[in-house]
>>> print(open('protein-v9.txt').read())   # compact mmCIF, N, CA and C atoms
# COMPACT_ATOMS: atom_id res chain seq x y z
N MET A 1 146.69 104.74 -57.86
CA MET A 1 146.91 105.38 -59.15
C MET A 1 145.69 105.15 -60.02
N GLN A 2 145.37 106.18 -60.78
CA GLN A 2 144.30 106.08 -61.76
C GLN A 2 144.92 106.13 -63.16
N TYR A 3 144.14 105.66 -64.12
CA TYR A 3 144.59 105.62 -65.51
C TYR A 3 143.60 106.39 -66.37
N TRP A 4 144.15 106.96 -67.44
CA TRP A 4 143.36 107.85 -68.30
C TRP A 4 143.73 107.62 -69.75
N LEU A 5 142.95 108.25 -70.62
CA LEU A 5 143.28 108.32 -72.04
C LEU A 5 143.01 109.76 -72.47
N VAL A 6 144.01 110.38 -73.09
CA VAL A 6 143.86 111.73 -73.62
C VAL A 6 144.00 111.65 -75.13
N LYS A 7 143.14 112.39 -75.82
CA LYS A 7 143.11 112.33 -77.28
C LYS A 7 143.51 113.66 -77.89
N GLN A 8 144.21 113.56 -79.02
CA GLN A 8 144.61 114.77 -79.73
C GLN A 8 144.84 114.44 -81.20
N GLU A 9 144.47 115.36 -82.06
CA GLU A 9 144.79 115.24 -83.47
C GLU A 9 146.30 115.39 -83.62
N PRO A 10 146.98 114.44 -84.24
CA PRO A 10 148.44 114.54 -84.34
C PRO A 10 148.91 115.77 -85.11
N GLY A 11 148.07 116.29 -85.99
CA GLY A 11 148.44 117.51 -86.71
C GLY A 11 148.43 118.74 -85.82
N ASP A 12 147.68 118.69 -84.71
CA ASP A 12 147.63 119.80 -83.76
C ASP A 12 148.72 119.68 -82.70
N TYR A 13 148.87 118.48 -82.15
CA TYR A 13 149.92 118.21 -81.17
C TYR A 13 150.08 116.70 -81.09
N SER A 14 151.23 116.21 -81.46
CA SER A 14 151.43 114.77 -81.56
C SER A 14 152.25 114.23 -80.39
N TRP A 15 152.30 112.91 -80.32
CA TRP A 15 153.15 112.25 -79.32
C TRP A 15 154.60 112.68 -79.49
N SER A 16 155.06 112.77 -80.72
CA SER A 16 156.45 113.19 -80.94
C SER A 16 156.67 114.62 -80.48
N ASP A 17 155.65 115.47 -80.58
CA ASP A 17 155.77 116.83 -80.04
C ASP A 17 155.94 116.79 -78.52
N LEU A 18 155.15 115.93 -77.85
CA LEU A 18 155.27 115.81 -76.40
C LEU A 18 156.64 115.29 -76.01
N GLU A 19 157.14 114.29 -76.74
CA GLU A 19 158.47 113.77 -76.45
C GLU A 19 159.54 114.85 -76.63
N LYS A 20 159.41 115.63 -77.68
CA LYS A 20 160.37 116.70 -77.96
C LYS A 20 160.30 117.80 -76.89
N ASP A 21 159.08 118.17 -76.50
CA ASP A 21 158.89 119.25 -75.53
C ASP A 21 159.22 118.82 -74.10
N GLY A 22 159.05 117.55 -73.79
CA GLY A 22 159.32 117.06 -72.43
C GLY A 22 158.14 117.16 -71.48
N HIS A 23 157.21 118.06 -71.75
CA HIS A 23 155.96 118.19 -71.00
C HIS A 23 155.09 119.21 -71.73
N THR A 24 153.81 119.21 -71.40
CA THR A 24 152.92 120.21 -71.99
C THR A 24 151.73 120.44 -71.08
N ALA A 25 151.12 121.60 -71.23
CA ALA A 25 149.85 121.88 -70.59
C ALA A 25 148.75 121.31 -71.49
N TRP A 26 147.88 120.49 -70.91
CA TRP A 26 146.77 119.90 -71.66
C TRP A 26 145.59 120.85 -71.54
N THR A 27 145.48 121.74 -72.52
CA THR A 27 144.49 122.83 -72.49
C THR A 27 143.46 122.64 -73.60
N GLY A 28 142.46 123.50 -73.59
CA GLY A 28 141.50 123.55 -74.68
C GLY A 28 140.35 122.58 -74.58
N VAL A 29 140.24 121.85 -73.48
CA VAL A 29 139.13 120.90 -73.31
C VAL A 29 137.87 121.69 -73.01
N ARG A 30 136.84 121.50 -73.82
CA ARG A 30 135.59 122.25 -73.66
C ARG A 30 134.38 121.32 -73.62
N ASN A 31 134.49 120.27 -72.84
CA ASN A 31 133.40 119.33 -72.63
C ASN A 31 133.32 119.12 -71.13
N PHE A 32 132.12 119.18 -70.56
CA PHE A 32 131.98 119.13 -69.10
C PHE A 32 132.43 117.80 -68.51
N GLN A 33 132.13 116.69 -69.18
CA GLN A 33 132.57 115.40 -68.66
C GLN A 33 134.10 115.27 -68.72
N ALA A 34 134.69 115.72 -69.82
CA ALA A 34 136.15 115.70 -69.95
C ALA A 34 136.79 116.62 -68.91
N ARG A 35 136.16 117.77 -68.66
CA ARG A 35 136.66 118.69 -67.63
C ARG A 35 136.65 118.02 -66.27
N SER A 36 135.58 117.31 -65.95
CA SER A 36 135.52 116.58 -64.67
C SER A 36 136.63 115.54 -64.59
N ASN A 37 136.92 114.88 -65.71
CA ASN A 37 138.00 113.90 -65.73
C ASN A 37 139.35 114.57 -65.50
N LEU A 38 139.57 115.71 -66.13
CA LEU A 38 140.82 116.45 -65.90
C LEU A 38 140.97 116.80 -64.42
N ARG A 39 139.87 117.24 -63.82
CA ARG A 39 139.91 117.65 -62.42
C ARG A 39 140.14 116.46 -61.48
N ALA A 40 139.84 115.26 -61.93
CA ALA A 40 140.04 114.05 -61.12
C ALA A 40 141.46 113.50 -61.23
N MET A 41 142.21 113.97 -62.21
CA MET A 41 143.57 113.47 -62.40
C MET A 41 144.47 113.91 -61.26
N LYS A 42 145.33 112.98 -60.82
CA LYS A 42 146.27 113.27 -59.75
C LYS A 42 147.70 113.15 -60.27
N LYS A 43 148.60 113.90 -59.65
CA LYS A 43 150.00 113.85 -60.02
C LYS A 43 150.48 112.39 -59.92
N GLY A 44 151.14 111.91 -60.97
CA GLY A 44 151.63 110.54 -61.03
C GLY A 44 150.71 109.58 -61.76
N ASP A 45 149.44 109.96 -61.97
CA ASP A 45 148.54 109.11 -62.76
C ASP A 45 149.11 108.95 -64.16
N LEU A 46 148.81 107.81 -64.78
CA LEU A 46 149.27 107.55 -66.14
C LEU A 46 148.13 107.71 -67.13
N ALA A 47 148.47 108.14 -68.34
CA ALA A 47 147.46 108.35 -69.38
C ALA A 47 147.99 107.85 -70.72
N PHE A 48 147.15 107.12 -71.42
CA PHE A 48 147.49 106.78 -72.79
C PHE A 48 147.34 108.04 -73.64
N PHE A 49 148.25 108.22 -74.57
CA PHE A 49 148.19 109.32 -75.52
C PHE A 49 147.65 108.73 -76.82
N TYR A 50 146.50 109.23 -77.25
CA TYR A 50 145.78 108.68 -78.40
C TYR A 50 145.77 109.70 -79.53
N HIS A 51 146.24 109.28 -80.70
CA HIS A 51 146.13 110.13 -81.88
C HIS A 51 144.75 109.92 -82.48
N SER A 52 143.94 110.97 -82.48
CA SER A 52 142.61 110.90 -83.07
C SER A 52 142.69 111.23 -84.55
N GLY A 53 141.56 111.52 -85.16
CA GLY A 53 141.54 111.86 -86.57
C GLY A 53 141.77 110.65 -87.45
N GLU A 54 142.64 110.78 -88.41
CA GLU A 54 142.90 109.70 -89.37
C GLU A 54 143.58 108.50 -88.73
N GLU A 55 144.47 108.73 -87.76
CA GLU A 55 145.25 107.62 -87.18
C GLU A 55 144.44 106.71 -86.27
N LYS A 56 143.70 107.29 -85.33
CA LYS A 56 142.90 106.53 -84.37
C LYS A 56 143.70 105.41 -83.71
N GLN A 57 144.73 105.79 -82.92
CA GLN A 57 145.55 104.78 -82.27
C GLN A 57 146.24 105.32 -81.02
N VAL A 58 146.40 104.42 -80.03
CA VAL A 58 147.17 104.73 -78.83
C VAL A 58 148.64 104.59 -79.21
N VAL A 59 149.42 105.64 -78.93
CA VAL A 59 150.82 105.63 -79.36
C VAL A 59 151.82 105.76 -78.22
N GLY A 60 151.37 106.23 -77.04
CA GLY A 60 152.31 106.43 -75.96
C GLY A 60 151.66 106.48 -74.61
N ILE A 61 152.51 106.56 -73.59
CA ILE A 61 152.07 106.66 -72.20
C ILE A 61 152.66 107.94 -71.63
N ALA A 62 151.79 108.75 -71.04
CA ALA A 62 152.20 109.99 -70.39
C ALA A 62 151.86 109.90 -68.91
N LYS A 63 152.41 110.82 -68.14
CA LYS A 63 152.04 110.89 -66.73
C LYS A 63 151.63 112.31 -66.40
N VAL A 64 150.74 112.43 -65.44
CA VAL A 64 150.30 113.73 -64.97
C VAL A 64 151.39 114.29 -64.06
N VAL A 65 151.89 115.47 -64.40
CA VAL A 65 152.95 116.09 -63.60
C VAL A 65 152.46 117.33 -62.85
N LYS A 66 151.28 117.82 -63.20
CA LYS A 66 150.66 118.93 -62.46
C LYS A 66 149.16 118.73 -62.51
N GLU A 67 148.54 118.75 -61.34
CA GLU A 67 147.10 118.55 -61.24
C GLU A 67 146.34 119.75 -61.77
N ALA A 68 145.02 119.59 -61.87
CA ALA A 68 144.15 120.57 -62.52
C ALA A 68 144.33 121.98 -61.97
N TYR A 69 144.33 122.91 -62.91
CA TYR A 69 144.41 124.35 -62.62
C TYR A 69 143.60 125.06 -63.69
N PRO A 70 143.27 126.33 -63.49
CA PRO A 70 142.46 127.04 -64.49
C PRO A 70 143.15 127.06 -65.86
N ASP A 71 142.40 126.69 -66.88
CA ASP A 71 142.94 126.66 -68.25
C ASP A 71 143.22 128.09 -68.72
N PRO A 72 144.48 128.41 -68.99
CA PRO A 72 144.81 129.78 -69.40
C PRO A 72 144.25 130.14 -70.78
N THR A 73 143.79 129.17 -71.54
CA THR A 73 143.22 129.46 -72.86
C THR A 73 141.71 129.70 -72.80
N ALA A 74 141.11 129.67 -71.60
CA ALA A 74 139.66 129.72 -71.47
C ALA A 74 139.08 131.12 -71.29
N ALA A 75 139.88 132.14 -71.28
CA ALA A 75 139.40 133.54 -71.22
C ALA A 75 138.32 133.76 -70.18
N GLY A 76 138.64 133.47 -68.92
CA GLY A 76 137.72 133.77 -67.82
C GLY A 76 136.63 132.74 -67.60
N GLU A 77 136.55 131.72 -68.41
CA GLU A 77 135.55 130.68 -68.21
C GLU A 77 136.09 129.60 -67.27
N ASP A 78 135.20 128.78 -66.74
CA ASP A 78 135.57 127.77 -65.75
C ASP A 78 135.98 126.45 -66.40
N TRP A 79 137.17 126.44 -67.02
CA TRP A 79 137.70 125.22 -67.62
C TRP A 79 139.04 124.90 -66.97
N SER A 80 139.47 123.67 -67.09
CA SER A 80 140.69 123.23 -66.40
C SER A 80 141.70 122.66 -67.37
N ALA A 81 142.94 122.63 -66.90
CA ALA A 81 144.05 122.02 -67.64
C ALA A 81 144.87 121.22 -66.65
N VAL A 82 145.65 120.30 -67.16
CA VAL A 82 146.67 119.59 -66.38
C VAL A 82 147.95 119.62 -67.20
N ASP A 83 149.06 119.32 -66.55
CA ASP A 83 150.32 119.18 -67.28
C ASP A 83 150.67 117.70 -67.35
N ILE A 84 151.13 117.27 -68.52
CA ILE A 84 151.55 115.89 -68.71
C ILE A 84 152.96 115.85 -69.28
N ALA A 85 153.62 114.72 -69.06
CA ALA A 85 154.97 114.49 -69.58
C ALA A 85 155.02 113.08 -70.16
N PRO A 86 155.87 112.86 -71.16
CA PRO A 86 155.95 111.52 -71.75
C PRO A 86 156.62 110.53 -70.80
N VAL A 87 156.15 109.29 -70.82
CA VAL A 87 156.80 108.20 -70.08
C VAL A 87 157.51 107.30 -71.08
N LYS A 88 156.75 106.76 -72.04
CA LYS A 88 157.37 105.95 -73.09
C LYS A 88 156.39 105.72 -74.23
N SER A 89 156.96 105.45 -75.38
CA SER A 89 156.16 105.10 -76.56
C SER A 89 155.75 103.64 -76.47
N LEU A 90 154.60 103.32 -77.04
CA LEU A 90 154.24 101.91 -77.16
C LEU A 90 155.13 101.30 -78.24
N LYS A 91 155.57 100.07 -78.04
CA LYS A 91 156.37 99.39 -79.06
C LYS A 91 155.56 99.20 -80.33
N LYS A 92 154.26 98.97 -80.16
CA LYS A 92 153.35 98.79 -81.29
C LYS A 92 152.11 99.64 -81.01
N ALA A 93 151.77 100.54 -81.91
CA ALA A 93 150.58 101.35 -81.73
C ALA A 93 149.35 100.45 -81.67
N VAL A 94 148.40 100.82 -80.84
CA VAL A 94 147.16 100.04 -80.68
C VAL A 94 146.04 100.85 -81.32
N THR A 95 145.52 100.33 -82.42
CA THR A 95 144.49 101.05 -83.17
C THR A 95 143.12 100.90 -82.52
N LEU A 96 142.22 101.78 -82.89
CA LEU A 96 140.84 101.68 -82.43
C LEU A 96 140.24 100.34 -82.86
N THR A 97 140.59 99.87 -84.04
CA THR A 97 140.13 98.56 -84.50
C THR A 97 140.63 97.46 -83.58
N ASP A 98 141.90 97.54 -83.16
CA ASP A 98 142.45 96.57 -82.20
C ASP A 98 141.65 96.58 -80.90
N VAL A 99 141.35 97.78 -80.40
CA VAL A 99 140.62 97.92 -79.15
C VAL A 99 139.22 97.32 -79.29
N LYS A 100 138.53 97.66 -80.36
CA LYS A 100 137.17 97.16 -80.57
C LYS A 100 137.12 95.64 -80.74
N ALA A 101 138.22 95.04 -81.17
CA ALA A 101 138.26 93.59 -81.38
C ALA A 101 138.43 92.82 -80.06
N GLN A 102 138.74 93.52 -78.97
CA GLN A 102 138.96 92.87 -77.68
C GLN A 102 137.69 92.94 -76.83
N LYS A 103 137.14 91.78 -76.53
CA LYS A 103 135.91 91.72 -75.73
C LYS A 103 136.06 92.47 -74.41
N GLN A 104 137.22 92.33 -73.75
CA GLN A 104 137.41 92.97 -72.45
C GLN A 104 137.58 94.49 -72.53
N LEU A 105 137.65 95.05 -73.74
CA LEU A 105 137.79 96.50 -73.90
C LEU A 105 136.52 97.16 -74.42
N GLN A 106 135.45 96.40 -74.56
CA GLN A 106 134.21 96.93 -75.13
C GLN A 106 133.57 98.03 -74.29
N ASP A 107 133.86 98.06 -72.99
CA ASP A 107 133.28 99.07 -72.12
C ASP A 107 134.13 100.34 -71.99
N MET A 108 135.25 100.38 -72.69
CA MET A 108 136.08 101.58 -72.64
C MET A 108 135.31 102.79 -73.15
N LYS A 109 135.53 103.93 -72.50
CA LYS A 109 134.91 105.18 -72.98
C LYS A 109 135.35 105.47 -74.42
N LEU A 110 136.55 105.07 -74.79
CA LEU A 110 137.03 105.25 -76.15
C LEU A 110 136.08 104.61 -77.16
N VAL A 111 135.50 103.48 -76.78
CA VAL A 111 134.57 102.76 -77.65
C VAL A 111 133.15 103.30 -77.48
N ARG A 112 132.74 103.53 -76.24
CA ARG A 112 131.36 103.91 -75.94
C ARG A 112 131.06 105.40 -76.12
N GLN A 113 132.05 106.25 -75.86
CA GLN A 113 131.90 107.70 -76.01
C GLN A 113 133.09 108.21 -76.81
N SER A 114 133.09 107.90 -78.07
CA SER A 114 134.27 108.11 -78.91
C SER A 114 134.70 109.57 -79.05
N ARG A 115 133.82 110.51 -78.79
CA ARG A 115 134.19 111.91 -78.94
C ARG A 115 134.76 112.53 -77.67
N LEU A 116 134.76 111.78 -76.57
CA LEU A 116 135.26 112.29 -75.30
C LEU A 116 136.79 112.38 -75.34
N SER A 117 137.33 113.57 -75.11
CA SER A 117 138.77 113.80 -75.30
C SER A 117 139.64 113.40 -74.11
N VAL A 118 139.04 113.28 -72.94
CA VAL A 118 139.76 112.84 -71.74
C VAL A 118 138.85 111.85 -71.04
N SER A 119 139.32 110.62 -70.89
CA SER A 119 138.45 109.60 -70.30
C SER A 119 139.22 108.67 -69.37
N PRO A 120 138.50 108.12 -68.38
CA PRO A 120 139.14 107.17 -67.47
C PRO A 120 139.35 105.82 -68.15
N VAL A 121 140.36 105.10 -67.67
CA VAL A 121 140.67 103.75 -68.15
C VAL A 121 140.84 102.90 -66.89
N THR A 122 140.23 101.73 -66.86
CA THR A 122 140.41 100.87 -65.69
C THR A 122 141.80 100.25 -65.71
N SER A 123 142.24 99.73 -64.57
CA SER A 123 143.56 99.10 -64.52
C SER A 123 143.62 97.88 -65.44
N SER A 124 142.55 97.10 -65.53
CA SER A 124 142.58 95.93 -66.43
C SER A 124 142.61 96.37 -67.89
N GLN A 125 141.90 97.44 -68.24
CA GLN A 125 141.96 97.96 -69.60
C GLN A 125 143.36 98.49 -69.91
N PHE A 126 143.95 99.16 -68.94
CA PHE A 126 145.30 99.70 -69.11
C PHE A 126 146.28 98.56 -69.39
N GLU A 127 146.21 97.51 -68.59
CA GLU A 127 147.10 96.35 -68.76
C GLU A 127 146.88 95.68 -70.12
N GLN A 128 145.63 95.57 -70.54
CA GLN A 128 145.33 94.93 -71.83
C GLN A 128 145.90 95.75 -72.99
N ILE A 129 145.79 97.04 -72.93
CA ILE A 129 146.34 97.87 -74.01
C ILE A 129 147.87 97.80 -74.00
N LEU A 130 148.47 97.75 -72.81
CA LEU A 130 149.92 97.56 -72.76
C LEU A 130 150.32 96.25 -73.46
N ARG A 131 149.55 95.17 -73.19
CA ARG A 131 149.85 93.88 -73.85
C ARG A 131 149.71 93.99 -75.36
N LEU A 132 148.62 94.61 -75.81
CA LEU A 132 148.41 94.78 -77.25
C LEU A 132 149.53 95.61 -77.86
N GLY A 133 150.03 96.58 -77.10
CA GLY A 133 151.09 97.45 -77.57
C GLY A 133 152.48 96.88 -77.36
N GLU A 134 152.51 95.62 -76.86
CA GLU A 134 153.79 94.92 -76.63
C GLU A 134 154.74 95.75 -75.79
N THR A 135 154.18 96.39 -74.76
CA THR A 135 154.92 97.34 -73.94
C THR A 135 154.75 97.01 -72.46
N SER A 136 155.81 97.18 -71.71
CA SER A 136 155.72 97.05 -70.26
C SER A 136 156.26 98.33 -69.63
N LEU A 137 155.87 98.55 -68.40
CA LEU A 137 156.35 99.74 -67.69
C LEU A 137 157.50 99.40 -66.80
>>> encode(input="protein-v9.txt", output="structure tokens")
Amino acid sequence: MQYWLVKQEPGDYSWSDLEKDGHTAWTGVRNFQARSNLRAMKKGDLAFFYHSGEEKQVVGIAKVVKEAYPDPTAAGEDWSAVDIAPVKSLKKAVTLTDVKAQKQLQDMKLVRQSRLSVSPVTSSQFEQILRLGETSL
């Protein structure tokens, strides 16, 4: 299993929207590195759901339920989408400040490439964020 982090402005699509909908197509990614990450996602992989913008915090855990396919919002261009579904909310949201305060999380793409909307997370980083979020799977 691989781990990921997907980012979204909560005003555009929030964790509560995903919980309400039960699943969603993760579309609209227009960055080549993020596209490569989407294409590397496998069914069953887990992803942190991160509210960007004003909140800047990990709020939930989602799973990939459909692997990469052509993004229907891309109008003939070569972009990809995946489908994700909610797994569970974190008991305590983990802010970007919390992440940056952890020495073992300094190499996260969230810290090093803050504008990347879809990024890989190592298993140790995933476990550390779960601990910070007071959440277990």
>>> closest_residue(input="protein-v9.txt", among="A:Glu19, A:Asp98, A:Asp71, A:Asp12", to="Arg131 in chain A", atoms="only C-alpha atoms")
A:Asp98
>>> closest_residue(input="protein-v9.txt", among="A:Ser123, A:Ser136, A:Gln57, A:Gln33", to="Asp45 in chain A", atoms="only C-alpha atoms")
A:Ser123
>>> residues_around(input="protein-v9.txt", residues="His23 in chain A", least_positions_apart="5", cutoff="6.5 Å", atoms="all atoms listed in the file", output="VMD selection string")
chain A and resid 18 83 to 86
>>> write_last_selection(input="protein-v9.txt", atoms="N, CA and C atoms", output="short mmCIF file (atom, residue, chain, number, x, y, z; two decimals), in the coordinates of the input")
data_model
loop_
_atom_site.label_atom_id
_atom_site.label_comp_id
_atom_site.auth_asym_id
_atom_site.auth_seq_id
_atom_site.Cartn_x
_atom_site.Cartn_y
_atom_site.Cartn_z
N LEU A 18 155.15 115.93 -77.85
CA LEU A 18 155.27 115.81 -76.40
C LEU A 18 156.64 115.29 -76.01
N ASP A 83 149.06 119.32 -66.55
CA ASP A 83 150.32 119.18 -67.28
C ASP A 83 150.67 117.70 -67.35
N ILE A 84 151.13 117.27 -68.52
CA ILE A 84 151.55 115.89 -68.71
C ILE A 84 152.96 115.85 -69.28
N ALA A 85 153.62 114.72 -69.06
CA ALA A 85 154.97 114.49 -69.58
C ALA A 85 155.02 113.08 -70.16
N PRO A 86 155.87 112.86 -71.16
CA PRO A 86 155.95 111.52 -71.75
C PRO A 86 156.62 110.53 -70.80
#
>>> closest_residue(input="protein-v9.txt", among="A:Gln125, A:Ser119, A:Ser16, A:Gln102", to="Trp4 in chain A", atoms="only N, CA and C atoms")
A:Ser119
>>> atom_distance(input="protein-v9.txt", atom1="atom C of Val59 in chain A", atom2="atom C of Ser14 in chain A")
8.8 Å
>>> select_by_dssp(input="protein-v9.txt", residues="range 3-135 of chain A", states="strand (DSSP E or B)", output="PyMOL selection string")
chain A and resi 3-8+24-26+46-51+57-70+80-95+118-121
>>> select_by_dssp(input="protein-v9.txt", residues="range 8-132 of chain A", states="alpha helix (DSSP H)", output="PyMOL selection string")
chain A and resi 15-21+32-40+96-100+109-112+123-132
>>> closest_residue(input="protein-v9.txt", among="A:Val118, A:His51, A:Tyr69, A:Val82", to="Leu96 in chain A", atoms="only C-alpha atoms")
A:His51
>>> closest_residue(input="protein-v9.txt", among="A:Gly133, A:Gly60, A:Gly44, A:Gly22", to="Val99 in chain A", atoms="only C-alpha atoms")
A:Gly133
>>> axis_aligned_box(input="protein-v9.txt", around="range 130-134 of chain A", padding_each_side="8 Å", output="JSON")
{"center_x": 151.6, "center_y": 95.8, "center_z": -75.3, "size_x": 22.3, "size_y": 19.9, "size_z": 21.1}
>>> closest_residue(input="protein-v9.txt", among="A:Val87, A:Thr24, A:Pro120, A:Val111", to="Leu38 in chain A", atoms="only N, CA and C atoms")
A:Pro120
>>> atom_distance(input="protein-v9.txt", atom1="CA of Phe32 in chain A", atom2="CA of Gly53 in chain A")
21.2 Å
>>> residues_around(input="protein-v9.txt", residues="Leu137 in chain A", least_positions_apart="5", cutoff="10 Å", atoms="only C-alpha atoms", output="PyMOL selection string")
chain A and resi 61+87-88+90+127+130
>>> write_last_selection(input="protein-v9.txt", atoms="N, CA and C atoms", output="PDB file, in the coordinates of the input")
ATOM      1  N   ILE A  61     152.510 106.560 -73.590  1.00  0.00           N
ATOM      2  CA  ILE A  61     152.070 106.660 -72.200  1.00  0.00           C
ATOM      3  C   ILE A  61     152.660 107.940 -71.630  1.00  0.00           C
ATOM      4  N   VAL A  87     156.150 109.290 -70.820  1.00  0.00           N
ATOM      5  CA  VAL A  87     156.800 108.200 -70.080  1.00  0.00           C
ATOM      6  C   VAL A  87     157.510 107.300 -71.080  1.00  0.00           C
ATOM      7  N   LYS A  88     156.750 106.760 -72.040  1.00  0.00           N
ATOM      8  CA  LYS A  88     157.370 105.950 -73.090  1.00  0.00           C
ATOM      9  C   LYS A  88     156.390 105.720 -74.230  1.00  0.00           C
ATOM     10  N   LEU A  90     154.600 103.320 -77.040  1.00  0.00           N
ATOM     11  CA  LEU A  90     154.240 101.910 -77.160  1.00  0.00           C
ATOM     12  C   LEU A  90     155.130 101.300 -78.240  1.00  0.00           C
ATOM     13  N   GLU A 127     146.210  97.510 -68.590  1.00  0.00           N
ATOM     14  CA  GLU A 127     147.100  96.350 -68.760  1.00  0.00           C
ATOM     15  C   GLU A 127     146.880  95.680 -70.120  1.00  0.00           C
ATOM     16  N   LEU A 130     148.470  97.750 -72.810  1.00  0.00           N
ATOM     17  CA  LEU A 130     149.920  97.560 -72.760  1.00  0.00           C
ATOM     18  C   LEU A 130     150.320  96.250 -73.460  1.00  0.00           C
TER      19      LEU A 130
END
>>> residues_around(input="protein-v9.txt", residues="Leu132 in chain A", least_positions_apart="2", cutoff="7 Å", atoms="only N, CA and C atoms", output="list of chain:residue names")
A:Lys92, A:Ala93, A:Val94, A:Glu127, A:Gln128, A:Ile129, A:Leu130, A:Glu134, A:Thr135
>>> atom_distance(input="protein-v9.txt", atom1="CA of Met41 in chain A", atom2="atom N of Ala68 in chain A")
6.3 Å
